[in-house]
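Chemist: If it helps, the file is called input_2.cif and holds mmCIF, C-alpha atoms:
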data_query
#
loop_
_atom_site.label_atom_id
_atom_site.label_comp_id
_atom_site.auth_asym_id
_atom_site.auth_seq_id
_atom_site.Cartn_x
_atom_site.Cartn_y
_atom_site.Cartn_z
CA MET L 22 -20.01 0.02 15.90
CA ARG L 23 -19.15 -1.66 12.61
CA LEU L 24 -18.87 1.69 10.84
CA GLN L 25 -16.66 3.04 13.62
CA LEU L 26 -14.29 0.10 13.28
CA ARG L 27 -14.11 0.49 9.51
CA VAL L 28 -13.24 4.16 9.70
CA GLY L 29 -10.82 3.58 12.57
CA VAL L 30 -7.67 2.69 10.64
CA PRO L 31 -7.78 5.62 8.15
CA GLY L 32 -8.83 7.91 11.01
CA ALA L 33 -5.74 7.01 13.02
CA LEU L 34 -3.59 7.53 9.93
CA MET L 35 -5.14 10.95 9.37
CA LEU L 36 -4.26 11.96 12.93
CA ALA L 37 -0.70 10.68 12.44
CA LEU L 38 -0.39 12.65 9.20
CA ALA L 39 -1.70 15.78 10.88
CA GLY L 40 0.88 15.39 13.62
CA ALA L 41 3.70 14.90 11.16
CA ALA L 42 2.72 18.06 9.30
CA ARG L 43 4.06 20.16 12.15
CA ALA L 44 7.54 19.49 10.81
CA GLU L 45 9.02 21.96 8.30
CA GLY L 46 8.91 21.56 4.53
CA LEU L 47 5.62 19.70 4.50
CA ARG L 48 2.30 20.37 2.83
CA LEU L 49 -0.91 19.06 4.30
CA THR L 50 -4.09 18.93 2.23
CA GLN L 51 -7.64 18.07 3.19
CA ASP L 52 -10.47 17.64 0.69
CA THR L 53 -14.07 16.52 0.97
CA LEU L 54 -16.38 15.60 -1.90
CA LEU L 55 -20.13 15.23 -1.48
CA TYR L 56 -22.24 13.61 -4.20
CA SER L 57 -25.99 13.22 -4.32
CA ASP L 58 -28.15 12.17 -7.26
CA SER L 59 -31.79 11.65 -8.23
CA ASP L 60 -31.19 7.88 -8.29
CA SER L 61 -31.01 7.83 -4.49
CA VAL L 62 -27.22 7.58 -4.23
CA MET L 63 -25.28 9.68 -1.74
CA VAL L 64 -21.51 9.61 -1.30
CA ALA L 65 -19.28 11.48 1.15
CA SER L 66 -15.53 11.25 0.51
CA PRO L 67 -13.15 12.93 2.96
CA GLN L 68 -9.47 12.82 2.03
CA LEU L 69 -6.25 13.79 3.79
CA ALA L 70 -2.83 13.94 2.14
CA LEU L 71 0.68 14.87 3.14
CA HIS L 72 3.52 15.81 0.78
CA HIS L 73 7.15 16.51 1.55
CA ALA L 74 9.39 17.93 -1.19
CA LEU L 75 12.71 16.09 -1.47
CA ASP L 76 14.39 18.28 -4.07
CA GLU L 77 13.76 21.14 -6.47
CA GLY L 78 13.36 18.83 -9.45
CA GLY L 79 9.88 17.71 -8.43
CA GLY L 80 10.87 14.83 -6.15
CA GLU L 81 8.68 14.27 -3.12
CA VAL L 82 7.35 11.70 -0.74
CA GLY L 83 3.63 11.63 -0.11
CA ALA L 84 0.77 9.73 1.46
CA ARG L 85 -2.98 9.97 0.99
CA VAL L 86 -5.95 8.52 2.82
CA VAL L 87 -9.49 8.64 1.45
CA VAL L 88 -12.75 7.14 2.68
CA ASP L 89 -15.89 6.78 0.54
CA MET L 90 -19.09 6.45 2.53
CA VAL L 91 -21.87 5.33 0.21
CA SER L 92 -25.60 5.10 0.84
CA ALA L 93 -27.58 3.80 -2.13
CA ALA L 94 -31.06 2.74 -3.14
CA SER L 95 -30.46 3.12 -6.88
CA VAL L 96 -32.40 1.32 -9.63
CA ASP L 97 -29.64 -1.32 -9.57
CA VAL L 98 -30.62 -2.07 -5.98
CA VAL L 99 -34.39 -1.62 -6.28
CA SER L 100 -34.67 -3.80 -9.41
CA HIS L 101 -33.36 -6.74 -7.36
CA ALA L 102 -36.01 -6.11 -4.68
CA SER L 103 -33.21 -5.13 -2.27
CA LYS L 104 -33.30 -2.31 0.28
CA ARG L 105 -31.03 0.71 0.67
CA PHE L 106 -27.52 -0.25 1.75
CA THR L 107 -24.56 1.63 3.15
CA GLU L 108 -20.92 0.72 2.78
CA VAL L 109 -17.50 2.20 3.32
CA ARG L 110 -14.51 2.12 1.01
CA GLN L 111 -11.06 2.96 2.32
CA GLU L 112 -8.00 3.80 0.25
CA ILE L 113 -4.41 4.45 1.24
CA ASP L 114 -1.77 5.68 -1.23
CA ALA L 115 1.94 6.24 -0.75
CA ASP L 116 4.40 7.48 -3.37
CA VAL L 117 7.97 8.66 -3.64
CA SER L 118 9.87 10.36 -6.45
CA LYS L 119 13.43 11.67 -6.61
CA ALA L 120 15.12 13.84 -9.22
CA PHE L 121 18.38 12.65 -10.79
CA GLY L 122 19.41 15.45 -13.13
CA ARG L 123 16.82 15.61 -15.91
CA HIS L 124 15.16 12.37 -14.78
CA LEU L 125 12.42 11.95 -12.20
CA PRO L 126 11.61 8.31 -11.46
CA SER L 127 8.73 7.53 -9.11
CA LEU L 128 7.18 4.61 -7.29
CA GLY L 129 3.67 4.44 -5.89
CA TYR L 130 1.58 1.92 -3.97
CA ARG L 131 -2.18 1.95 -3.38
CA TYR L 132 -4.44 -0.25 -1.31
CA SER L 133 -8.21 0.01 -1.17
CA ARG L 134 -10.88 -2.19 0.33
CA GLU L 135 -14.62 -2.53 0.72
CA ASN L 136 -16.52 -5.34 2.38
CA ASP L 137 -16.56 -7.15 -0.97
CA TYR L 138 -13.61 -5.68 -2.90
CA TRP L 139 -9.87 -5.58 -2.20
CA SER L 140 -7.34 -3.88 -4.45
CA HIS L 141 -3.54 -3.54 -4.44
CA GLY L 142 -1.79 -1.38 -7.02
CA VAL L 143 1.84 -0.53 -7.80
CA THR L 144 2.87 2.18 -10.26
CA LEU L 145 6.32 2.89 -11.67
CA GLY L 146 6.70 6.29 -13.27
CA TRP L 147 9.35 8.22 -15.10
CA ARG L 148 9.62 11.81 -16.29
CA GLU L 149 12.42 13.39 -18.28
CA THR L 150 12.98 17.06 -19.03
CA LEU L 151 14.25 17.07 -22.61
CA SER L 152 14.57 20.86 -22.79
CA PRO L 153 13.25 23.84 -20.78
CA ASP L 154 10.09 23.59 -22.91
CA THR L 155 9.65 19.86 -23.39
CA THR L 156 8.95 17.09 -20.91
CA VAL L 157 8.13 13.45 -21.59
CA GLN L 158 6.62 11.10 -19.09
CA GLY L 159 5.63 7.46 -18.90
CA SER L 160 4.26 5.03 -16.36
CA TYR L 161 3.33 1.41 -15.86
CA GLY L 162 0.92 0.23 -13.22
CA LEU L 163 -0.28 -3.19 -12.12
CA THR L 164 -3.41 -3.57 -10.03
CA LEU L 165 -4.51 -6.84 -8.44
CA ASP L 166 -8.14 -6.91 -7.33
CA GLU L 167 -10.24 -9.48 -5.51
CA VAL L 168 -13.97 -9.26 -6.12
CA GLY L 169 -16.50 -11.07 -3.96
CA ARG L 170 -19.86 -10.77 -2.27
CA ALA L 171 -20.32 -9.30 1.18
CA GLY L 172 -20.02 -12.02 3.79
CA ASP L 173 -18.26 -14.49 1.48
CA ALA L 174 -14.98 -16.02 2.60
CA ARG L 175 -11.93 -14.53 0.85
CA GLU L 176 -11.16 -17.87 -0.85
CA HIS L 177 -14.41 -17.57 -2.82
CA THR L 178 -13.48 -14.28 -4.45
CA HIS L 179 -12.65 -13.74 -8.12
CA GLY L 180 -9.40 -12.18 -9.36
CA LEU L 181 -8.87 -9.24 -11.68
CA ARG L 182 -5.51 -8.01 -13.01
CA THR L 183 -5.24 -4.56 -14.56
CA HIS L 184 -2.21 -3.38 -16.52
CA ASN L 185 -1.98 0.32 -17.19
CA ALA L 186 0.70 2.01 -19.31
CA SER L 187 0.84 5.65 -20.32
CA LEU L 188 3.09 7.88 -22.40
CA GLY L 189 2.84 11.65 -22.51
CA LEU L 190 4.47 14.78 -23.81
CA THR L 191 4.18 18.28 -22.34
CA GLN L 192 5.28 21.14 -24.56
CA VAL L 193 5.50 24.87 -23.85
CA LEU L 194 4.11 26.51 -26.97
CA GLY L 195 5.04 30.10 -26.09
CA PRO L 196 5.16 32.59 -23.21
CA ARG L 197 1.44 32.10 -22.54
CA SER L 198 0.50 28.60 -23.61
CA LEU L 199 1.40 24.96 -23.26
CA ALA L 200 -0.08 21.62 -24.27
CA ARG L 201 0.05 18.02 -23.14
CA VAL L 202 -0.78 14.92 -25.15
CA MET L 203 -1.19 11.57 -23.45
CA TYR L 204 -1.85 8.01 -24.54
CA THR L 205 -2.98 5.38 -22.05
CA LEU L 206 -3.35 1.64 -22.63
CA THR L 207 -5.41 -0.28 -20.08
CA ILE L 208 -5.73 -4.07 -20.12
CA GLU L 209 -8.11 -5.72 -17.69
CA ASP L 210 -7.91 -9.49 -17.36
CA GLY L 211 -10.17 -11.48 -15.06
CA TYR L 212 -13.52 -11.10 -13.37
CA LEU L 213 -15.17 -7.96 -14.78
CA GLU L 214 -18.77 -8.66 -13.81
CA LYS L 215 -20.59 -7.18 -10.85
CA PRO L 216 -21.43 -10.09 -8.52
CA TYR L 217 -24.79 -8.65 -7.44
CA ARG L 218 -26.11 -7.96 -10.92
CA PHE L 219 -28.61 -10.30 -12.61
CA VAL L 220 -30.05 -9.79 -16.08
CA PRO L 221 -33.77 -10.10 -16.85
CA LEU L 222 -34.57 -12.12 -19.96
CA PHE L 223 -37.66 -11.81 -22.16
CA ASP L 224 -39.27 -13.96 -24.80
CA GLN L 225 -40.92 -12.51 -27.87
CA ALA L 226 -44.41 -13.26 -26.51
CA GLY L 227 -43.74 -11.15 -23.41
CA VAL L 228 -42.39 -8.23 -25.43
CA ASP L 229 -45.37 -8.43 -27.82
CA LEU L 230 -47.82 -8.52 -24.92
CA ALA L 231 -46.29 -5.39 -23.38
CA ALA L 232 -46.50 -3.64 -26.75
CA ALA L 233 -50.11 -4.69 -27.25
CA ARG L 234 -50.99 -3.18 -23.89
CA GLY L 235 -49.11 0.00 -24.79
CA GLU L 236 -46.63 -0.46 -21.96
CA GLN L 237 -43.02 0.61 -22.30
CA LEU L 238 -40.79 -1.92 -20.55
CA GLY L 239 -39.03 -0.24 -17.65
CA LEU L 240 -38.28 -0.43 -13.96
CA GLY L 241 -41.94 -0.53 -12.94
CA SER L 242 -43.11 -3.06 -15.53
CA PHE L 243 -40.24 -5.37 -16.55
CA ALA L 244 -41.00 -7.98 -13.88
CA ARG L 245 -44.51 -8.56 -15.31
CA TYR L 246 -43.17 -9.54 -18.74
CA SER L 247 -39.75 -11.09 -18.11
CA LEU L 248 -39.02 -14.81 -17.87
CA PRO L 249 -38.77 -16.39 -14.41
CA GLU L 250 -35.03 -17.03 -14.68
CA ARG L 251 -32.66 -14.09 -14.16
CA PRO L 252 -29.07 -15.21 -14.87
CA ALA L 253 -25.99 -13.50 -13.52
CA GLU L 254 -24.24 -10.85 -15.59
CA GLU L 255 -21.60 -12.22 -17.97
CA VAL L 256 -19.01 -10.16 -19.85
CA PRO L 257 -15.71 -11.06 -21.58
CA ASP L 258 -12.74 -11.70 -19.27
CA LEU L 259 -10.38 -9.51 -21.26
CA ARG L 260 -10.77 -5.82 -22.06
CA ALA L 261 -8.20 -3.56 -23.73
CA GLY L 262 -8.83 0.19 -23.74
CA HIS L 263 -7.01 3.03 -25.51
CA ALA L 264 -7.33 6.62 -24.31
CA PHE L 265 -5.97 9.59 -26.26
CA ALA L 266 -6.01 12.82 -24.30
CA LEU L 267 -5.07 16.42 -25.00
CA ARG L 268 -4.76 19.32 -22.57
CA TYR L 269 -4.26 22.92 -23.70
CA LEU L 270 -3.54 25.77 -21.28
CA ARG L 271 -3.45 29.43 -22.22
CA TRP L 272 -3.11 32.61 -20.20
CA VAL L 273 -5.63 35.18 -21.49
CA ALA L 274 -4.23 38.52 -20.42
CA ALA L 275 -7.31 40.49 -21.48
CA LEU L 276 -9.42 38.52 -18.99
CA SER L 277 -6.66 38.02 -16.45
CA ALA L 278 -7.62 34.36 -16.64
CA SER L 279 -6.22 30.98 -17.56
CA LEU L 280 -8.09 28.88 -20.09
CA ARG L 281 -7.88 25.11 -19.81
CA LEU L 282 -9.22 22.82 -22.52
CA ASP L 283 -9.19 19.07 -21.94
CA GLY L 284 -10.30 16.54 -24.52
CA GLN L 285 -10.24 12.77 -24.57
CA LEU L 286 -11.16 9.99 -26.93
CA TYR L 287 -11.51 6.42 -25.69
CA VAL L 288 -12.06 3.13 -27.55
CA ASP L 289 -11.89 -0.43 -26.25
CA SER L 290 -12.08 -4.04 -27.39
CA TRP L 291 -15.68 -4.38 -26.17
CA GLY L 292 -16.76 -1.78 -28.73
CA LEU L 293 -17.26 1.06 -26.26
CA MET L 294 -16.35 4.49 -27.64
CA ALA L 295 -16.34 7.66 -25.57
CA GLY L 296 -15.46 11.32 -25.96
CA THR L 297 -14.93 13.97 -23.29
CA ALA L 298 -14.58 17.75 -23.58
CA GLU L 299 -13.85 19.81 -20.48
CA PRO L 300 -13.25 23.57 -20.73
CA ALA L 301 -12.42 25.65 -17.64
CA LEU L 302 -11.61 29.31 -16.93
CA GLU L 303 -9.90 30.61 -13.79
CA PHE L 304 -10.16 34.37 -13.17
CA GLY L 305 -8.11 36.40 -10.75
CA LEU L 306 -10.50 38.49 -8.62
CA GLY L 307 -7.77 40.62 -7.12
CA GLY L 308 -5.85 39.92 -3.96
CA ASP L 309 -5.55 36.18 -3.39
CA LEU L 310 -8.97 35.21 -4.70
CA GLU L 311 -9.77 33.24 -7.86
CA LEU L 312 -13.09 32.39 -9.48
CA SER L 313 -13.35 29.31 -11.68
CA LEU L 314 -15.98 28.28 -14.22
CA ARG L 315 -16.01 24.73 -15.49
CA GLY L 316 -17.99 22.69 -17.98
CA ARG L 317 -17.85 19.06 -18.97
CA ALA L 318 -19.47 17.06 -21.75
CA TYR L 319 -19.19 13.28 -21.94
CA HIS L 320 -20.71 10.90 -24.44
CA GLN L 321 -20.26 7.18 -24.88
CA ARG L 322 -21.54 4.53 -27.27
CA ALA L 323 -22.49 1.18 -25.73
CA VAL L 324 -20.41 -1.98 -25.82
CA GLY L 325 -21.14 -4.32 -28.72
CA PHE L 326 -23.10 -6.87 -26.67
CA TRP L 327 -25.35 -4.28 -24.99
CA GLN L 328 -29.13 -4.71 -25.36
CA ARG L 329 -31.88 -2.81 -23.62
CA THR L 330 -33.86 -6.05 -23.40
CA TYR L 331 -32.37 -9.48 -23.99
CA VAL L 332 -35.05 -11.34 -26.00
CA VAL L 333 -34.34 -15.09 -26.20
CA SER L 334 -35.79 -18.29 -27.62
CA PRO L 335 -36.70 -21.14 -25.23
CA GLY L 336 -33.53 -22.53 -23.64
CA GLU L 337 -31.32 -19.82 -25.11
CA LEU L 338 -28.91 -17.81 -22.95
CA PRO L 339 -26.99 -14.87 -24.45
CA ARG L 340 -23.27 -15.54 -24.05
CA TYR L 341 -22.60 -11.97 -22.92
CA ARG L 342 -25.26 -9.98 -21.06
CA SER L 343 -25.13 -6.99 -18.79
CA MET L 344 -27.33 -4.46 -17.04
CA ASP L 345 -24.37 -2.26 -16.12
CA ARG L 346 -25.47 1.22 -17.16
CA GLU L 347 -21.80 2.28 -17.44
CA LEU L 348 -21.64 0.00 -20.49
CA SER L 349 -24.72 1.53 -22.17
CA SER L 350 -25.02 4.57 -24.43
CA PHE L 351 -25.40 7.82 -22.53
CA SER L 352 -24.46 11.49 -22.43
CA THR L 353 -23.60 13.70 -19.48
CA LEU L 354 -23.45 17.49 -19.29
CA GLU L 355 -21.97 19.23 -16.27
CA GLY L 356 -21.45 22.85 -15.29
CA GLY L 357 -20.06 24.37 -12.14
CA LEU L 358 -18.18 27.19 -10.47
CA GLY L 359 -15.72 27.54 -7.64
CA LEU L 360 -13.94 30.04 -5.47
CA ALA L 361 -10.36 29.71 -4.23
CA TYR L 362 -8.13 31.60 -1.83
CA ALA L 363 -4.37 31.24 -2.09
CA GLY L 364 -2.37 32.83 0.72
CA LYS L 365 1.32 32.26 1.44
CA ARG L 366 0.86 29.37 3.86
CA PHE L 367 -2.82 28.70 3.70
CA GLU L 368 -5.10 27.93 0.74
CA ALA L 369 -8.77 27.04 0.53
CA TYR L 370 -11.31 26.32 -2.19
CA ALA L 371 -14.94 25.38 -2.59
CA GLU L 372 -16.70 24.38 -5.78
CA GLY L 373 -20.04 23.02 -6.81
CA SER L 374 -21.47 21.58 -9.99
CA PHE L 375 -24.68 20.21 -11.42
CA MET L 376 -24.72 17.35 -13.89
CA ASN L 377 -27.39 15.60 -15.89
CA THR L 378 -27.10 12.21 -17.58
CA TRP L 379 -29.35 10.92 -20.34
CA TYR L 380 -29.42 7.14 -20.85
CA ARG L 381 -30.41 6.24 -24.38
CA ASP L 382 -30.99 2.52 -24.00
CA TYR L 383 -31.10 1.51 -20.36
CA LEU L 384 -34.11 -0.48 -19.17
CA PHE L 385 -34.27 0.91 -15.64
CA LEU L 386 -33.55 4.61 -16.03
CA ASP L 387 -33.89 7.36 -18.66
CA SER L 388 -32.07 10.19 -16.94
CA ARG L 389 -30.41 11.21 -13.70
CA TYR L 390 -29.26 14.50 -12.25
CA ALA L 391 -26.61 14.96 -9.59
CA VAL L 392 -25.14 17.68 -7.41
CA VAL L 393 -21.45 17.56 -6.53
CA VAL L 394 -19.84 19.79 -3.89
CA GLN L 395 -16.14 19.74 -3.12
CA ALA L 396 -14.06 21.81 -0.69
CA GLY L 397 -10.50 21.68 0.54
CA LEU L 398 -7.75 23.26 2.62
CA ARG L 399 -3.99 23.39 1.99
CA TRP L 400 -1.49 24.25 4.69
CA THR L 401 2.25 24.70 4.38
CA PRO L 402 3.68 24.94 7.93
CA MET Q 19 -15.63 9.60 -36.26
CA VAL Q 20 -12.60 8.07 -34.50
CA ILE Q 21 -10.32 8.80 -37.44
CA ARG Q 22 -11.49 12.41 -37.53
CA TRP Q 23 -10.72 12.92 -33.83
CA LEU Q 24 -7.35 11.19 -34.23
CA ARG Q 25 -6.46 13.50 -37.10
CA VAL Q 26 -7.39 16.57 -35.06
CA GLY Q 27 -5.33 15.37 -32.09
CA LEU Q 28 -2.27 14.47 -34.13
CA THR Q 29 -2.42 17.74 -36.09
CA VAL Q 30 -2.54 19.78 -32.88
CA ALA Q 31 0.34 17.74 -31.42
CA ALA Q 32 2.44 18.12 -34.55
CA LEU Q 33 1.82 21.87 -34.76
CA SER Q 34 2.77 22.14 -31.08
CA LEU Q 35 6.19 20.67 -31.74
CA VAL Q 36 6.96 22.22 -35.12
CA GLY Q 37 5.95 25.76 -34.21
CA CYS Q 38 7.90 25.97 -30.97
CA ARG Q 39 11.03 27.80 -30.03
CA THR Q 40 12.55 27.98 -26.59
CA THR Q 41 10.75 30.31 -24.23
CA GLN Q 42 13.25 32.40 -22.30
CA PRO Q 43 13.19 32.54 -18.48
CA TRP Q 44 12.08 36.19 -18.47
CA GLN Q 45 9.08 35.22 -20.66
CA ARG Q 46 7.74 32.67 -18.20
CA GLU Q 47 5.86 34.88 -15.76
CA ASP Q 48 2.45 33.78 -17.03
CA LEU Q 49 3.51 30.13 -17.35
CA ALA Q 50 4.55 30.17 -13.70
CA ARG Q 51 1.08 31.09 -12.46
CA ARG Q 52 -0.62 28.54 -10.24
CA SER Q 53 -3.53 28.06 -12.61
CA MET Q 54 -1.15 27.30 -15.50
CA ARG Q 55 0.35 24.16 -13.95
CA PRO Q 56 -0.29 21.29 -16.39
CA ASP Q 57 -0.79 18.80 -13.53
CA GLY Q 58 -3.16 21.06 -11.61
CA ASP Q 59 -3.84 20.20 -7.98
CA GLY Q 60 -3.40 16.42 -7.83
CA ASP Q 61 -5.24 15.85 -4.56
CA ARG Q 62 -8.19 17.99 -5.66
CA ARG Q 63 -8.34 16.19 -8.98
CA ALA Q 64 -8.03 12.68 -7.53
CA LEU Q 65 -11.36 12.81 -5.70
CA ARG Q 66 -13.24 14.10 -8.73
CA ASP Q 67 -11.60 11.63 -11.12
CA HIS Q 68 -12.63 8.72 -8.91
CA MET Q 69 -16.20 10.06 -8.79
CA THR Q 70 -16.50 10.31 -12.58
CA GLY Q 71 -14.44 7.16 -13.21
CA THR Q 72 -16.88 4.95 -11.35
CA ARG Q 73 -19.82 6.31 -13.34
CA GLU Q 74 -18.43 6.22 -16.87
CA GLY Q 75 -17.17 3.46 -19.14
CA ALA Q 76 -13.97 5.18 -20.25
CA VAL Q 77 -10.73 4.84 -18.27
CA GLY Q 78 -7.25 6.34 -18.52
CA GLY Q 79 -6.28 9.61 -20.17
CA LEU Q 80 -5.28 12.75 -18.30
CA GLY Q 81 -6.51 11.45 -14.97
CA SER Q 82 -8.13 8.38 -13.55
CA GLY Q 83 -9.41 7.54 -10.12
CA GLY Q 84 -8.08 5.08 -7.61
CA GLY Q 85 -8.84 1.41 -7.56
CA GLY Q 86 -11.71 -0.39 -5.99
CA CYS Q 87 -15.23 -0.53 -7.20
CA GLY Q 88 -17.02 2.39 -5.54
CA CYS Q 89 -19.88 1.72 -7.93
CA ASN Q 90 -23.64 1.66 -7.35
#
What does this structure look like when you write it as structure tokens?
Modeler:
Amino acid sequence: MRLQLRVGVPGALMLALAGAARAEGLRLTQDTLLYSDSDSVMVASPQLALHHALDEGGGEVGARVVVDMVSAASVDVVSHASKRFTEVRQEIDADVSKAFGRHLPSLGYRYSRENDYWSHGVTLGWRETLSPDTTVQGSYGLTLDEVGRAGDAREHTHGLRTHNASLGLTQVLGPRSLARVMYTLTIEDGYLEKPYRFVPLFDQAGVDLAAARGEQLGLGSFARYSLPERPAEEVPDLRAGHAFALRYLRWVAALSASLRLDGQLYVDSWGLMAGTAEPALEFGLGGDLELSLRGRAYHQRAVGFWQRTYVVSPGELPRYRSMDRELSSFSTLEGGLGLAYAGKRFEAYAEGSFMNTWYRDYLFLDSRYAVVVQAGLRWTP
Amino acid sequence: MVIRWLRVGLTVAALSLVGCRTTQPWQREDLARRSMRPDGDGDRRALRDHMTGTREGAVGGLGSGGGGCGCN
């Protein structure tokens, strides 16, 4: 019953969007992503969106509804002696843009909620066509989040403000290629911890005892050697991140395919550094069919205060401490393929990928593999 | 490492701008193909970006997922 009520509001909106799509000039899209990994996490994310073009300069009004249904018994959960849980996240987006000559201003609003997380976001965007080959774009977004624990009253939640500003340039390089460069600044200010996460502490005697017994500290053994107290996670309240991204697109006539190369470098004030490379090829198979091949490599270096095991002296408490694996050092490799059909009024695609992640310094997990399947339909009435 | 990547990125960006001349409308057949759109399919991308964004430490760049935690 509870799940039905949670899905009810987005469900009604989806039906309303589907009804509205019968009008002319609209485009209705439906996508579903399924994720499953070896760490006992499963996610199903259906999404419905509606777009209506307002002009030929790229202006449109749109709305999007997405629901994440999560079932998890990951090491994060198991290490706290908790059982598998399920939860639902709902998100609603609305945006509008309108062309004024060379300029395309836009405004967007987003709301998402879980049983312990509420988020409102507003984004102002701007795009200007400087020449037939050159476009610049910028945006500023402010997100206000409330973070709490399931069952807590809203007045006991913590606040988080996120400022996001981006500046980009898209340049046609020739009849068969173009490139985009983008810089994004993200400033997070507020509660950045996870309220359910507690950090095991060790003393030197416990670590030495484990070593003497030839035991590697991990998920199955940490509780035997850690100290009785397990304080809550603590991270700095302010985080500033810089992302530099490059996209290169080229039509390869010999293969009748488009080549897409994405790269990104990220650094932040916590000392985290990350690099991403994502090549993709889309082949025309004849008719309205396309085959795509995609790869992705991601690597990050841990934040400065990261430790696999926090070893302390009596009475000592590390100022910053975390067991958030997304702050540790790890690498991910992903490969996948997809098939798409693009008719005049109807389009469809399906794609699947396999990814493996290697954690270099995470107490509870050394590696994880995941399967991701995504499919979608597009309809222009 | 960071400096080296920055140099590569800036060099590519600079070459992009310096080496360009206007592409005429009759030369844009390949640029007009669906798979050559620099924004790609936004709705298709949004789901995937949110999935990766909640599992990696980096944010921003060419695409980032919606708000909310969605972690685990």
Chemist: Would you kindly return, as an mmCIF file with C-alpha atoms, in the coordinates of the input, each protein, DNA or RNA residue with an atom no farther than 12 Å from any atom of Ala50 (chain Q), considering all atoms listed in the file and excluding same-chain residues fewer than 6 positions away?
Modeler:
data_model
loop_
_atom_site.group_PDB
_atom_site.id
_atom_site.type_symbol
_atom_site.label_atom_id
_atom_site.label_comp_id
_atom_site.auth_asym_id
_atom_site.auth_seq_id
_atom_site.Cartn_x
_atom_site.Cartn_y
_atom_site.Cartn_z
ATOM 1 C CA VAL L 193 5.500 24.870 -23.850
ATOM 2 C CA PRO L 196 5.160 32.590 -23.210
ATOM 3 C CA ARG L 197 1.440 32.100 -22.540
ATOM 4 C CA SER L 198 0.500 28.600 -23.610
ATOM 5 C CA LEU L 199 1.400 24.960 -23.260
ATOM 6 C CA LEU L 270 -3.540 25.770 -21.280
ATOM 7 C CA ARG L 271 -3.450 29.430 -22.220
ATOM 8 C CA TRP L 272 -3.110 32.610 -20.200
ATOM 9 C CA SER L 279 -6.220 30.980 -17.560
ATOM 10 C CA PRO Q 43 13.190 32.540 -18.480
ATOM 11 C CA TRP Q 44 12.080 36.190 -18.470
ATOM 12 C CA PRO Q 56 -0.290 21.290 -16.390
#
Chemist: Work out how far apart CA of Pro67 (chain L) and CA of Asp89 (chain L) are and give it in Å to one decimal.
Modeler: 7.2 Å
Chemist: Would you work out the distance separating CA of Ser95 (chain L) from CA of Arg346 (chain L), expressed in Å to one decimal?
Modeler: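 Atom-to-atom, CA of Ser95 (chain L) and CA of Arg346 (chain L) are spaced 11.6 Å apart.
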Chemist: Once you add 3 Å to each side, what are the centre and edge lengths of the axis-aligned box holding all listed atoms of region 82-95 of chain L? One decimal in Å, as AutoDock Vina command-line options, if you can.
Modeler:
--center_x -11.9 --center_y 7.2 --center_z -2.0 --size_x 44.4 --size_y 15.0 --size_z 15.7
Chemist: What's the separation between CA of Ala361 (chain L) and CA of Gly60 (chain Q), in Å to one decimal place?
Modeler: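 Taking CA of Ala361 (chain L) as the start and CA of Gly60 (chain Q) as the end point, the length is 15.4 Å.
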Chemist: For chain Q, which residue among L:Pro221, L:Gly195, L:Gly305, L:Gly336 is the nearest when counting all atoms listed in the file?
Modeler: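 Result for the nearest residue to chain Q: L:Gly195.
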Chemist: Find the spatial neighbours of Gly78 (chain Q), counting all atoms listed in the file, within a cut-off of 9 Å - ignore same-chain residues fewer than 5 positions away - and output them as a PyMOL selection string.
Modeler: (chain L and resi 185+187+204-207+262-266+287) or (chain Q and resi 71+83)
Chemist: Considering all atoms listed in the file, return as a PyMOL selection string whatever protein or nucleic-acid residues lie within 10 Å of Gly364 (chain L), sequence-local ones (same chain, fewer than 3 positions apart) excluded.
Modeler: chain L and resi 308-310+361+367-369+399-400
Chemist: Selection in question (the file shown): the PyMOL selection byres ((chain L and resi 141) around 6). Which residues does it include, as a ChimeraX atom specification?
Modeler: /L:131-132,140,142,164-165
Chemist: List as a list in words the residues having at least one atom at most 10 Å from position (-29.1, 3.4, 2.5) as given in the file, counting all atoms listed in the file.
Modeler: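 All residues meeting the 10 Å criterion around (-29.1, 3.4, 2.5) are Ser61, Val62, Met63, Val91, Ser92, Ala93, Ala94, Ser95, Lys104, Arg105, Phe106, Thr107 and Glu108 of chain L.
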Chemist: For the provided coordinates, the residues matched by the PyMOL selection byres ((chain L and resi 133) around 10) should be stated as a list in words.
Modeler: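 Selected by the PyMOL selection byres ((chain L and resi 133) around 10) here: Val86, Val87, Val88, Arg110, Gln111, Glu112, Ile113, Asp114, Arg131, Tyr132, Arg134, Glu135, Tyr138, Trp139, Ser140, His141, Gly142 and Asp166 of chain L; Gly84, Gly85, Gly86 and Cys87 of chain Q.
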Chemist: What would the selection look like, as a PyMOL selection string, if the PyMOL selection byres ((chain L and resi 225) around 8) were run on the coordinates I just shared?
Modeler: chain L and resi 223-224+226-229+332-334
Chemist: Can you work out which one of Q:Gln45, Q:Asp59, Q:Arg51, Q:Met69 has the shortest atom-to-atom distance to chain L, counting all atoms listed in the file?
Modeler: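 With all atoms listed in the file as the atom set, the closest residue is Q:Gln45.
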Chemist: Show which residues sit within 7 Å of Leu282 (chain L), as a PyMOL selection string. Count only C-alpha atoms, and ignore same-chain residues fewer than 6 positions away.
Modeler: chain L and resi 268-270+299-301
Chemist: Which residue gives the smallest distance to chain Q among L:Arg182, L:Arg389, L:Arg201, L:His124, with all atoms listed in the file counted?
Modeler: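 Answer, going by the shortest atom-to-atom distance: L:Arg201.
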